[in-house]
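A.B. asks: my_file.csv is reproduced in full below (CSV, C-alpha atoms).
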chain,number,residue,atom,x,y,z
A,1,MET,CA,85.9,154.7,130.4
A,2,ASN,CA,85.3,153.5,126.9
A,3,LEU,CA,84.8,149.7,126.4
A,4,ALA,CA,87.4,149.7,123.6
A,5,ASP,CA,90.0,150.6,126.3
A,6,ALA,CA,89.0,147.7,128.6
A,7,VAL,CA,91.9,145.5,129.8
A,8,PHE,CA,91.1,141.8,130.2
A,9,ASP,CA,92.5,141.1,133.7
A,10,ASP,CA,90.6,137.9,134.5
A,11,VAL,CA,91.2,135.2,131.8
A,12,GLU,CA,89.8,131.8,132.5
A,13,GLU,CA,90.7,128.8,130.4
A,14,ASN,CA,89.3,125.7,132.1
A,15,GLY,CA,87.5,123.6,129.5
A,16,VAL,CA,83.9,124.7,129.0
A,17,TYR,CA,84.6,127.6,131.5
A,18,THR,CA,86.6,129.7,129.2
A,19,SER,CA,86.1,133.5,129.1
A,20,SER,CA,87.9,136.8,129.4
A,21,ARG,CA,86.6,139.6,131.8
A,22,ALA,CA,87.7,143.2,132.0
A,23,SER,CA,87.1,145.0,135.3
A,24,ILE,CA,85.4,148.3,134.8
A,25,GLY,CA,84.0,149.4,138.2
A,26,LYS,CA,87.3,150.1,139.9
A,27,HIS,CA,88.5,152.1,136.9
A,28,ILE,CA,85.4,154.4,136.9
A,29,GLY,CA,85.3,154.9,140.7
A,30,ALA,CA,82.4,152.6,141.5
A,31,ARG,CA,81.9,151.8,145.2
A,32,LYS,CA,78.5,150.0,145.5
A,33,LEU,CA,78.3,148.3,142.1
A,34,GLY,CA,80.6,145.9,140.3
A,35,TYR,CA,81.0,146.2,136.5
A,36,ASN,CA,82.8,144.1,134.0
A,37,LEU,CA,82.9,143.3,130.3
A,38,THR,CA,82.8,139.6,129.5
A,39,VAL,CA,83.9,138.0,126.3
A,40,LEU,CA,82.6,134.4,125.9
A,41,PRO,CA,83.8,132.2,123.0
A,42,PRO,CA,81.3,129.8,121.2
A,43,GLY,CA,80.4,126.7,123.2
A,44,LYS,CA,81.7,128.2,126.5
A,45,ALA,CA,80.2,129.4,129.8
A,46,GLN,CA,81.8,132.1,132.0
A,47,CYS,CA,81.1,130.2,135.2
A,48,PRO,CA,79.2,127.2,136.7
A,49,PHE,CA,75.4,127.4,137.3
A,50,HIS,CA,75.1,129.3,140.6
A,51,ASN,CA,72.9,131.6,142.8
A,52,HIS,CA,73.8,134.5,145.1
A,53,HIS,CA,72.2,135.1,148.5
A,54,ALA,CA,73.3,138.7,148.8
A,55,GLU,CA,74.3,140.2,145.5
A,56,GLU,CA,72.0,140.9,142.6
A,57,GLU,CA,73.3,140.7,139.0
A,58,MET,CA,72.3,142.3,135.7
A,59,PHE,CA,73.6,141.3,132.3
A,60,PHE,CA,73.3,143.3,129.1
A,61,ILE,CA,74.2,141.4,126.0
A,62,LEU,CA,76.2,143.6,123.6
A,63,GLU,CA,76.6,141.0,120.8
A,64,GLY,CA,76.2,137.3,120.2
A,65,GLU,CA,73.6,134.8,121.1
A,66,GLY,CA,73.3,132.1,123.6
A,67,GLU,CA,71.3,130.5,126.4
A,68,LEU,CA,70.4,131.6,129.9
A,69,ARG,CA,69.9,128.8,132.4
A,70,PHE,CA,67.7,130.3,135.1
A,71,GLY,CA,66.3,128.1,137.8
A,72,ASP,CA,64.8,125.1,136.0
A,73,GLN,CA,64.2,127.1,132.8
A,74,ARG,CA,66.3,127.8,129.7
A,75,TYR,CA,65.9,130.9,127.6
A,76,ALA,CA,67.4,132.0,124.2
A,77,ILE,CA,69.3,135.3,124.6
A,78,GLY,CA,70.9,137.6,122.1
A,79,THR,CA,72.0,141.2,121.3
A,80,HIS,CA,70.4,143.9,123.5
A,81,ASP,CA,68.8,141.5,125.9
A,82,VAL,CA,68.8,142.6,129.5
A,83,ILE,CA,68.8,139.9,132.2
A,84,ALA,CA,68.1,140.3,135.9
A,85,CYS,CA,69.4,137.7,138.4
A,86,PRO,CA,68.1,138.6,141.9
A,87,PRO,CA,69.5,137.2,145.1
A,88,GLY,CA,67.8,134.1,146.5
A,89,GLY,CA,67.8,130.3,146.4
A,90,ARG,CA,68.3,127.7,143.8
A,91,ASP,CA,65.2,128.9,142.0
A,92,VAL,CA,67.2,132.0,140.7
A,93,ALA,CA,70.4,130.1,140.0
A,94,HIS,CA,71.8,131.2,136.6
A,95,GLN,CA,74.4,130.6,133.9
A,96,ILE,CA,75.1,132.2,130.5
A,97,ILE,CA,76.2,129.8,127.8
A,98,ASN,CA,77.3,130.9,124.3
A,99,THR,CA,75.4,128.5,122.1
A,100,GLY,CA,76.0,130.6,119.0
A,101,SER,CA,78.8,130.4,116.4
A,102,ALA,CA,80.3,133.8,117.2
A,103,THR,CA,81.9,135.4,120.3
A,104,MET,CA,79.4,136.7,122.8
A,105,ARG,CA,80.1,140.0,124.6
A,106,TYR,CA,78.1,141.3,127.6
A,107,LEU,CA,78.2,143.8,130.4
A,108,SER,CA,77.8,142.5,133.9
A,109,ILE,CA,76.7,144.8,136.7
A,110,SER,CA,76.2,143.6,140.3
A,111,THR,CA,75.6,144.9,143.8
A,112,LEU,CA,78.7,144.4,146.0
A,113,ALA,CA,78.0,142.8,149.3
A,114,GLU,CA,80.5,142.6,152.1
A,115,LEU,CA,79.4,139.1,152.9
A,116,GLU,CA,78.2,136.8,150.1
A,117,ALA,CA,77.1,133.2,150.1
A,118,CYS,CA,76.8,131.5,146.7
A,119,GLU,CA,75.4,128.0,145.9
A,120,TYR,CA,76.3,125.8,143.0
A,121,PRO,CA,73.4,123.5,142.4
A,122,ASP,CA,75.0,121.2,139.8
A,123,SER,CA,78.0,120.4,142.0
A,124,ASN,CA,76.4,120.9,145.4
A,125,LYS,CA,79.1,123.4,146.6
A,126,VAL,CA,78.9,126.6,148.6
A,127,LEU,CA,81.1,129.6,148.4
A,128,ILE,CA,81.5,132.1,151.3
A,129,VAL,CA,83.2,135.4,150.6
A,130,SER,CA,83.9,138.4,152.8
A,131,ASP,CA,85.2,141.6,151.2
A,132,ILE,CA,85.3,144.7,153.4
A,133,ASP,CA,86.2,148.1,151.9
A,134,GLY,CA,87.4,146.3,148.7
A,135,GLU,CA,89.8,144.1,150.7
A,136,ARG,CA,89.3,140.3,150.7
A,137,LYS,CA,89.0,139.0,154.3
A,138,PHE,CA,87.9,135.5,153.7
A,139,ARG,CA,87.1,133.1,150.8
A,140,GLY,CA,86.1,129.5,151.3
A,141,MET,CA,84.5,126.9,148.9
A,142,TYR,CA,82.9,123.9,150.5
A,143,ARG,CA,81.0,120.8,149.5
A,144,ALA,CA,77.5,121.3,150.9
A,145,GLU,CA,77.1,117.6,151.9
A,146,THR,CA,79.9,117.8,154.4
A,147,GLY,CA,78.0,120.0,156.8
A,148,VAL,CA,78.8,119.5,160.5
A,149,ASP,CA,77.1,120.1,163.8
A,150,TYR,CA,77.4,123.6,165.2
A,151,TYR,CA,79.6,122.3,168.1
A,152,ASP,CA,81.8,120.0,166.0
A,153,ARG,CA,85.4,120.2,167.2
A,154,GLU,CA,84.5,122.8,169.9
A,155,LYS,CA,85.9,122.2,173.4
A,156,ASN,CA,82.9,121.4,175.6
A,157,GLU,CA,84.7,122.1,178.9
A,158,PRO,CA,85.8,125.3,180.6
Please express the file's structure as structure tokens.
C.D. replies:
Amino acid sequence: MNLADAVFDDVEENGVYTSSRASIGKHIGARKLGYNLTVLPPGKAQCPFHNHHAEEEMFFILEGEGELRFGDQRYAIGTHDVIACPPGGRDVAHQIINTGSATMRYLSISTLAELEACEYPDSNKVLIVSDIDGERKFRGMYRAETGVDYYDREKNEP
């Protein structure tokens, strides 16, 4: 597949979270890795600051410049930079922001986990997703502060 033929099938227009993504992986027969092309306008971010517990991501900046938030650090990024975002806790939370004056384009490549937990440190949310054989089985977004006891709402009698 040539990137010039990419079809943007995931368009987000939600304030600062405005981007267009083109799925690539399913078009080239990928099974264990996810691929997409992201186009990010100036002043925008593709998604909120987050970290994955199962999936690892890699970003390759094709054009443009911006900033990578990674853990408690910020890094200037630009054309031909390669970024690794391993799975783990909030210390590897990440977000790409287009701080330049031109559109940023980058490739995203990630491992595909059947079960993923994702944290959002800025908003204290948790996302749980289960995708088995490419089919969505479960997706839930929760506020982390509303945790409950393991036996909450369980019948305690036979």
A.B. asks: Can you work out which one of A:Thr18, A:Thr38, A:Gln73, A:Asn51 has the shortest atom-to-atom distance to A:Cys118, counting only C-alpha atoms?
C.D. replies: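 For A:Cys118, the nearest of the candidates is A:Asn51.
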A.B. asks: Determine, counting all atoms listed in the file, which protein, DNA and RNA residues have an atom within 10 Å of an atom of stretch 95-104 of chain A; residues of the same chain fewer than 5 positions away are not included. Present the result as a PyMOL selection string.
C.D. replies: chain A and resi 16-17+19+38-51+59+61-71+74-79+85
A.B. asks: May I have the residues within 12 Å of stretch 120-137 of chain A as a PDB file with C-alpha atoms, keeping the file's coordinate frame, using all atoms listed in the file and disregarding those fewer than 2 positions away in the same chain?
C.D. replies:
ATOM      1  CA  GLY A  25      84.000 149.400 138.200  1.00  0.00           C
ATOM      2  CA  LYS A  26      87.300 150.100 139.900  1.00  0.00           C
ATOM      3  CA  GLY A  29      85.300 154.900 140.700  1.00  0.00           C
ATOM      4  CA  ALA A  30      82.400 152.600 141.500  1.00  0.00           C
ATOM      5  CA  ARG A  31      81.900 151.800 145.200  1.00  0.00           C
ATOM      6  CA  LYS A  32      78.500 150.000 145.500  1.00  0.00           C
ATOM      7  CA  LEU A  33      78.300 148.300 142.100  1.00  0.00           C
ATOM      8  CA  GLY A  34      80.600 145.900 140.300  1.00  0.00           C
ATOM      9  CA  CYS A  47      81.100 130.200 135.200  1.00  0.00           C
ATOM     10  CA  PRO A  48      79.200 127.200 136.700  1.00  0.00           C
ATOM     11  CA  PHE A  49      75.400 127.400 137.300  1.00  0.00           C
ATOM     12  CA  HIS A  50      75.100 129.300 140.600  1.00  0.00           C
ATOM     13  CA  ASN A  51      72.900 131.600 142.800  1.00  0.00           C
ATOM     14  CA  HIS A  52      73.800 134.500 145.100  1.00  0.00           C
ATOM     15  CA  HIS A  53      72.200 135.100 148.500  1.00  0.00           C
ATOM     16  CA  ALA A  54      73.300 138.700 148.800  1.00  0.00           C
ATOM     17  CA  GLU A  55      74.300 140.200 145.500  1.00  0.00           C
ATOM     18  CA  ARG A  69      69.900 128.800 132.400  1.00  0.00           C
ATOM     19  CA  PHE A  70      67.700 130.300 135.100  1.00  0.00           C
ATOM     20  CA  GLY A  71      66.300 128.100 137.800  1.00  0.00           C
ATOM     21  CA  ASP A  72      64.800 125.100 136.000  1.00  0.00           C
ATOM     22  CA  GLY A  89      67.800 130.300 146.400  1.00  0.00           C
ATOM     23  CA  ARG A  90      68.300 127.700 143.800  1.00  0.00           C
ATOM     24  CA  ASP A  91      65.200 128.900 142.000  1.00  0.00           C
ATOM     25  CA  VAL A  92      67.200 132.000 140.700  1.00  0.00           C
ATOM     26  CA  ALA A  93      70.400 130.100 140.000  1.00  0.00           C
ATOM     27  CA  HIS A  94      71.800 131.200 136.600  1.00  0.00           C
ATOM     28  CA  GLN A  95      74.400 130.600 133.900  1.00  0.00           C
ATOM     29  CA  LEU A 112      78.700 144.400 146.000  1.00  0.00           C
ATOM     30  CA  ALA A 113      78.000 142.800 149.300  1.00  0.00           C
ATOM     31  CA  GLU A 114      80.500 142.600 152.100  1.00  0.00           C
ATOM     32  CA  LEU A 115      79.400 139.100 152.900  1.00  0.00           C
ATOM     33  CA  GLU A 116      78.200 136.800 150.100  1.00  0.00           C
ATOM     34  CA  ALA A 117      77.100 133.200 150.100  1.00  0.00           C
ATOM     35  CA  CYS A 118      76.800 131.500 146.700  1.00  0.00           C
ATOM     36  CA  ARG A 139      87.100 133.100 150.800  1.00  0.00           C
ATOM     37  CA  GLY A 140      86.100 129.500 151.300  1.00  0.00           C
ATOM     38  CA  MET A 141      84.500 126.900 148.900  1.00  0.00           C
ATOM     39  CA  TYR A 142      82.900 123.900 150.500  1.00  0.00           C
ATOM     40  CA  ARG A 143      81.000 120.800 149.500  1.00  0.00           C
ATOM     41  CA  ALA A 144      77.500 121.300 150.900  1.00  0.00           C
ATOM     42  CA  GLU A 145      77.100 117.600 151.900  1.00  0.00           C
ATOM     43  CA  THR A 146      79.900 117.800 154.400  1.00  0.00           C
ATOM     44  CA  GLY A 147      78.000 120.000 156.800  1.00  0.00           C
TER      45      GLY A 147
END
A.B. asks: For A:Met1, please output as a list of chain:residue names all residues within 9 Å (counting all atoms listed in the file; exclusion window: fewer than 5 positions along the same chain).
C.D. replies: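 Within the cut-off, the hits are A:Ala6, A:Ile24, A:His27, A:Ile28.
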A.B. asks: What would the file look like if the residues just selected were written as a tab-separated table (two decimals), in the frame of the given file with C-alpha atoms?
C.D. replies:
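This went into again12.tsv:
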chain	number	residue	atom	x	y	z
A	6	ALA	CA	89.00	147.70	128.60
A	24	ILE	CA	85.40	148.30	134.80
A	27	HIS	CA	88.50	152.10	136.90
A	28	ILE	CA	85.40	154.40	136.90
A.B. asks: Between A:Leu37, A:Leu107, A:Ala84, A:Arg21, which is the closest to A:Phe60 once you count only C-alpha atoms?
C.D. replies: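 Among A:Leu37, A:Leu107, A:Ala84, A:Arg21, it is A:Leu107 that comes nearest to A:Phe60.
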A.B. asks: To one decimal in Å, tell me the separation between atom CA of A:Pro86 and atom CA of A:Glu119.
C.D. replies: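 Between atom CA of A:Pro86 and atom CA of A:Glu119 the gap is 13.5 Å.
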A.B. asks: Report, in Å with one decimal, the straight-line distance from atom CA of A:Glu56 to atom CA of A:Tyr150.
C.D. replies: 29.0 Å
A.B. asks: Rounded to one decimal place, report the atom CA of A:Pro87-atom CA of A:Glu57 distance in Å.
C.D. replies: 8.0 Å
A.B. asks: My list of candidates is A:Val148, A:Phe138, A:Leu3, A:Arg153. Which is closest to A:Tyr106 when distances are computed with all atoms listed in the file?
C.D. replies: A:Leu3
A.B. asks: Measuring atom to atom with all atoms listed in the file, identify which of A:Ile83, A:Ala22, A:Ile109, A:Met58 is nearest to A:Val7.
C.D. replies: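 The closest residue to A:Val7 is A:Ala22.
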